[in-house]
>>> print(open('model_4.csv').read())   # CSV, C-alpha atoms
chain,number,residue,atom,x,y,z
C,246,PHE,CA,9.0,12.0,1.2
C,247,ASN,CA,10.3,8.5,0.4
C,248,LEU,CA,7.7,6.7,-1.6
C,249,ASP,CA,9.9,3.7,-2.1
C,250,SER,CA,9.2,2.5,1.5
C,251,ASP,CA,6.2,0.2,2.3
C,252,LEU,CA,3.5,2.9,2.7
C,253,GLU,CA,-0.2,3.0,2.8
C,254,LEU,CA,-2.4,5.8,1.4
C,255,TRP,CA,-3.0,7.2,4.9
C,256,ASP,CA,0.8,7.5,5.5
C,257,ILE,CA,1.0,9.8,2.5
C,258,ILE,CA,-2.1,11.8,3.6
C,259,ARG,CA,-0.8,12.2,7.1
C,260,ASN,CA,2.6,13.3,5.9
C,261,SER,CA,1.0,16.0,3.7
C,262,ILE,CA,-1.2,17.2,6.6
C,263,ASP,CA,1.8,17.3,9.0
C,264,GLN,CA,4.0,19.1,6.5
C,265,PHE,CA,1.5,21.6,5.0
C,266,GLY,CA,-1.6,21.7,7.2
C,267,GLY,CA,-0.3,22.4,10.7
C,268,GLY,CA,-0.3,18.8,11.7
C,269,GLY,CA,-2.1,17.1,14.5
C,270,LEU,CA,-5.1,15.9,12.5
C,271,SER,CA,-5.9,12.2,13.3
C,272,ARG,CA,-7.1,9.8,10.7
C,273,GLU,CA,-10.5,9.6,12.4
C,274,LEU,CA,-10.9,13.4,12.4
C,275,PHE,CA,-9.7,13.6,8.8
C,276,ASN,CA,-12.3,11.0,7.7
C,277,TYR,CA,-15.0,12.7,9.8
C,278,GLY,CA,-14.3,16.1,8.3
C,279,LEU,CA,-14.4,14.6,4.8
C,280,LYS,CA,-17.6,12.8,5.4
C,281,GLN,CA,-19.3,15.9,6.8
C,282,GLY,CA,-18.2,18.0,3.9
C,283,TYR,CA,-16.0,20.2,6.1
C,284,LEU,CA,-12.8,19.3,4.1
C,285,VAL,CA,-12.0,19.1,0.5
C,286,PHE,CA,-9.1,16.8,-0.2
C,287,VAL,CA,-7.0,17.8,-3.2
C,288,PHE,CA,-4.9,14.8,-4.4
C,289,ASP,CA,-2.5,16.4,-6.8
C,290,GLY,CA,-0.1,14.1,-8.7
C,291,PHE,CA,-2.0,10.8,-8.7
C,292,ASP,CA,0.1,9.6,-11.6
C,293,GLU,CA,3.3,10.4,-9.8
C,294,LEU,CA,2.2,8.6,-6.7
C,295,CYS,CA,1.1,5.5,-8.6
C,296,SER,CA,3.8,5.4,-11.2
C,297,PRO,CA,5.7,2.2,-11.8
C,298,LYS,CA,8.8,3.9,-10.4
C,299,HIS,CA,7.2,3.9,-7.0
C,300,GLY,CA,5.1,0.8,-7.5
C,301,GLN,CA,3.8,0.5,-4.0
C,302,LEU,CA,0.3,1.8,-4.7
C,303,ALA,CA,-1.8,0.5,-7.5
C,304,PRO,CA,-3.9,3.3,-9.1
C,305,VAL,CA,-7.1,1.2,-9.0
C,306,ASP,CA,-6.6,0.5,-5.3
C,307,VAL,CA,-5.9,4.1,-4.4
C,308,LEU,CA,-9.0,5.2,-6.4
C,309,LYS,CA,-11.1,2.6,-4.6
C,310,SER,CA,-9.7,3.7,-1.2
C,311,LEU,CA,-10.5,7.4,-1.9
C,312,SER,CA,-13.9,6.4,-3.2
C,313,ASP,CA,-14.6,4.5,0.0
C,314,ILE,CA,-13.6,7.5,2.1
C,315,ALA,CA,-16.0,9.7,0.2
C,316,SER,CA,-18.9,7.2,0.0
C,317,GLU,CA,-22.1,7.8,1.9
C,318,SER,CA,-21.1,11.4,2.8
C,319,ASP,CA,-20.6,14.9,1.5
C,320,ALA,CA,-16.9,14.4,1.0
C,321,ARG,CA,-15.3,15.9,-2.0
C,322,ILE,CA,-11.9,14.6,-3.2
C,323,LEU,CA,-10.2,16.2,-6.2
C,324,ILE,CA,-7.6,14.0,-8.0
C,325,THR,CA,-5.4,15.4,-10.7
C,326,THR,CA,-3.6,13.2,-13.2
C,327,ARG,CA,-2.6,13.1,-16.8
C,328,ALA,CA,-5.4,11.8,-19.0
C,329,LEU,CA,-3.1,9.2,-20.7
C,330,PHE,CA,-2.1,7.7,-17.3
C,331,TRP,CA,-5.7,7.5,-16.2
C,332,GLU,CA,-6.8,5.9,-19.5
C,333,ASN,CA,-4.0,3.3,-19.2
C,334,GLU,CA,-4.3,2.5,-15.5
C,335,ILE,CA,-8.0,2.8,-14.7
C,336,PRO,CA,-10.2,0.5,-16.7
C,337,ALA,CA,-13.6,2.1,-17.5
C,338,GLY,CA,-15.4,-0.7,-15.4
C,339,ALA,CA,-13.2,0.1,-12.4
C,340,VAL,CA,-14.3,3.6,-12.0
C,341,PRO,CA,-16.5,3.8,-8.8
C,342,SER,CA,-20.0,5.3,-9.3
C,343,ASN,CA,-19.2,8.2,-7.1
C,344,VAL,CA,-16.3,9.4,-9.3
C,345,GLU,CA,-16.9,12.1,-11.8
C,346,ILE,CA,-14.3,12.5,-14.5
C,347,ILE,CA,-13.7,16.0,-15.9
C,348,ARG,CA,-11.3,16.3,-18.8
C,349,LEU,CA,-9.4,19.5,-19.1
C,350,ALA,CA,-8.7,21.1,-22.4
C,351,PRO,CA,-5.3,21.1,-24.0
C,352,PHE,CA,-2.9,24.0,-23.4
C,353,ASN,CA,-2.9,27.0,-25.7
C,354,LYS,CA,0.3,29.0,-26.4
C,355,GLN,CA,-0.1,31.3,-23.3
C,356,GLN,CA,-0.7,28.3,-21.0
C,357,ALA,CA,2.2,26.4,-22.4
C,358,HIS,CA,4.5,29.4,-21.8
C,359,GLY,CA,3.0,29.8,-18.3
C,360,TYR,CA,3.8,26.2,-17.6
C,361,PHE,CA,7.4,26.7,-18.7
C,362,THR,CA,7.6,29.8,-16.5
C,363,LEU,CA,6.4,27.9,-13.4
C,364,ARG,CA,8.4,24.7,-14.2
C,365,PHE,CA,11.6,26.7,-14.7
C,366,ARG,CA,11.1,29.4,-12.1
C,367,GLY,CA,14.4,31.2,-11.6
C,368,GLU,CA,16.0,29.3,-14.6
C,369,THR,CA,15.6,31.9,-17.4
C,370,LYS,CA,17.8,30.0,-19.8
C,371,LYS,CA,15.7,26.8,-19.5
C,372,GLN,CA,12.5,28.9,-19.8
C,373,LEU,CA,13.7,30.5,-23.1
C,374,GLN,CA,14.9,27.1,-24.4
C,375,ALA,CA,11.6,25.4,-23.7
C,376,GLN,CA,9.7,28.3,-25.4
C,377,THR,CA,12.0,28.2,-28.4
C,378,LEU,CA,11.6,24.5,-28.8
C,379,TYR,CA,7.8,24.7,-28.3
C,380,ALA,CA,7.6,27.4,-31.1
C,381,LYS,CA,9.6,25.1,-33.3
C,382,LEU,CA,7.3,22.2,-32.5
C,383,VAL,CA,4.2,24.3,-33.2
C,384,THR,CA,5.6,25.4,-36.5
C,385,GLY,CA,6.3,21.9,-37.6
C,386,SER,CA,3.0,20.5,-36.4
C,387,ASP,CA,-0.1,20.8,-38.6
C,388,LEU,CA,-2.0,18.0,-36.9
C,389,PRO,CA,-4.8,18.1,-36.1
C,390,GLU,CA,-6.3,21.4,-37.1
C,391,ASN,CA,-10.0,21.7,-37.4
C,392,GLU,CA,-12.2,24.7,-37.7
C,393,GLN,CA,-14.3,24.1,-34.6
C,394,GLU,CA,-11.5,23.8,-32.1
C,395,GLY,CA,-8.5,25.5,-33.8
C,396,ALA,CA,-5.0,25.6,-32.4
C,397,ARG,CA,-6.1,24.1,-29.0
C,398,THR,CA,-6.3,20.7,-30.7
C,399,LYS,CA,-2.8,20.8,-32.2
C,400,PHE,CA,-0.4,18.0,-31.2
C,401,ALA,CA,2.0,20.5,-29.7
C,402,ASN,CA,-0.6,21.8,-27.2
C,403,LEU,CA,-1.5,18.4,-25.7
C,404,PRO,CA,-0.4,18.6,-22.0
C,405,PHE,CA,1.7,15.5,-22.2
C,406,VAL,CA,3.6,17.0,-25.1
C,407,VAL,CA,4.3,20.2,-23.3
C,408,VAL,CA,5.4,18.3,-20.2
C,409,MET,CA,7.7,16.0,-22.3
C,410,LEU,CA,9.2,19.1,-23.9
C,411,ALA,CA,9.9,20.6,-20.5
C,412,GLU,CA,11.4,17.3,-19.3
C,413,TYR,CA,13.6,17.2,-22.4
C,414,VAL,CA,14.9,20.7,-21.6
C,415,ASP,CA,15.3,19.9,-17.9
C,416,ARG,CA,17.5,16.9,-18.8
C,417,GLY,CA,19.8,19.1,-20.9
C,418,GLY,CA,18.1,18.9,-24.3
C,419,VAL,CA,18.9,21.8,-26.6
C,420,ASP,CA,17.4,21.2,-30.0
C,421,PHE,CA,15.8,18.5,-32.2
C,422,GLU,CA,15.7,17.9,-35.9
C,423,SER,CA,12.6,18.2,-38.1
C,424,HIS,CA,11.4,14.9,-39.7
C,425,GLY,CA,9.1,15.8,-42.5
C,426,GLU,CA,6.1,18.0,-41.5
C,427,LEU,CA,6.2,16.9,-37.9
C,428,ILE,CA,9.1,17.7,-35.6
>>> encode(input="model_4.csv", output="structure tokens")
Amino acid sequence: FNLDSDLELWDIIRNSIDQFGGGGLSRELFNYGLKQGYLVFVFDGFDELCSPKHGQLAPVDVLKSLSDIASESDARILITTRALFWENEIPAGAVPSNVEIIRLAPFNKQQAHGYFTLRFRGETKKQLQAQTLYAKLVTGSDLPENEQEGARTKFANLPFVVVMLAEYVDRGGVDFESHGELI
């Protein structure tokens, strides 16, 4: 779907419904279903949609539009995004009152490996390369480690670090050098 064109939020929703939901659902019926609580709208990839690369849709405007759809109803809309993107693009004062923010915990080793397996499905060499680099990063990272949260709080387990590592491998990255205690 070409996000570089001059699109509105509904164009993207309609495309998704047409491609993955059987099609034929009008905007009015979609809004009615949401407002009655008959539908749950999962908006996965909020940061990809609103990234500067695509630039057509401002994150705050999209959030307000989704909030307006859900207002005065039983509508439930789930938005997934990277925490760093949310923190940078959505000022605390711009979060509508009907928006509940739930922060997910960082990856652990099994989840990171699971992410690499899904990301590189059918590409065993890249899966193994990402797992090898991840192990190297974990070994070189001692920050932060506290007794209450343990390994889950380590730098290497932060979702954006795991994703960056996968992107590095996907772009042909093979190895990296250690710089002091951190890699």
>>> closest_residue(input="model_4.csv", among="C:Ile335, C:Val419, C:Val305, C:Ile324", to="Ile347 (chain C)", atoms="only C-alpha atoms")
C:Ile324
>>> atom_distance(input="model_4.csv", atom1="CA of Val307 (chain C)", atom2="CA of Gly282 (chain C)")
20.3 Å
>>> residues_around(input="model_4.csv", residues="His358 (chain C)", least_positions_apart="2", cutoff="12 Å", atoms="all atoms listed in the file", output="MDAnalysis selection string")
chainID C and resid 352:356 360:366 371:380 402 404 407:408 410:411
>>> atom_distance(input="model_4.csv", atom1="CA of Leu294 (chain C)", atom2="CA of Asp256 (chain C)")
12.3 Å
>>> residues_around(input="model_4.csv", residues="Ile314 (chain C)", least_positions_apart="2", cutoff="8 Å", atoms="only C-alpha atoms", output="number ranges by chain")
C: 276, 279-280, 310-312, 316, 320
>>> atom_distance(input="model_4.csv", atom1="CA of Lys309 (chain C)", atom2="CA of Phe275 (chain C)")
17.4 Å
>>> closest_residue(input="model_4.csv", among="C:Cys295, C:Ala328, C:Val383, C:Ala315", to="Asn343 (chain C)", atoms="all atoms listed in the file")
C:Ala315
>>> closest_residue(input="model_4.csv", among="C:Leu308, C:Val406, C:Leu323, C:Ala357", to="Ser342 (chain C)", atoms="only C-alpha atoms")
C:Leu308
>>> closest_residue(input="model_4.csv", among="C:Leu382, C:Leu284, C:Leu270, C:Ile322", to="Ile346 (chain C)", atoms="all atoms listed in the file")
C:Ile322
>>> closest_residue(input="model_4.csv", among="C:Gly359, C:Gly278, C:Gly338, C:Gly290", to="Arg321 (chain C)", atoms="all atoms listed in the file")
C:Gly278
>>> residues_around(input="model_4.csv", residues="Glu334 (chain C)", least_positions_apart="2", cutoff="9 Å", atoms="only C-alpha atoms", output="PyMOL selection string")
chain C and resi 303-305+329-332+336
>>> residues_near_point(input="model_4.csv", point="(-7.5, 15.3, 1.8)", cutoff="7 Å", atoms="all atoms listed in the file", output="list in words")
Ile258, Val285, Phe286, Val287, Phe288 and Ile322 of chain C
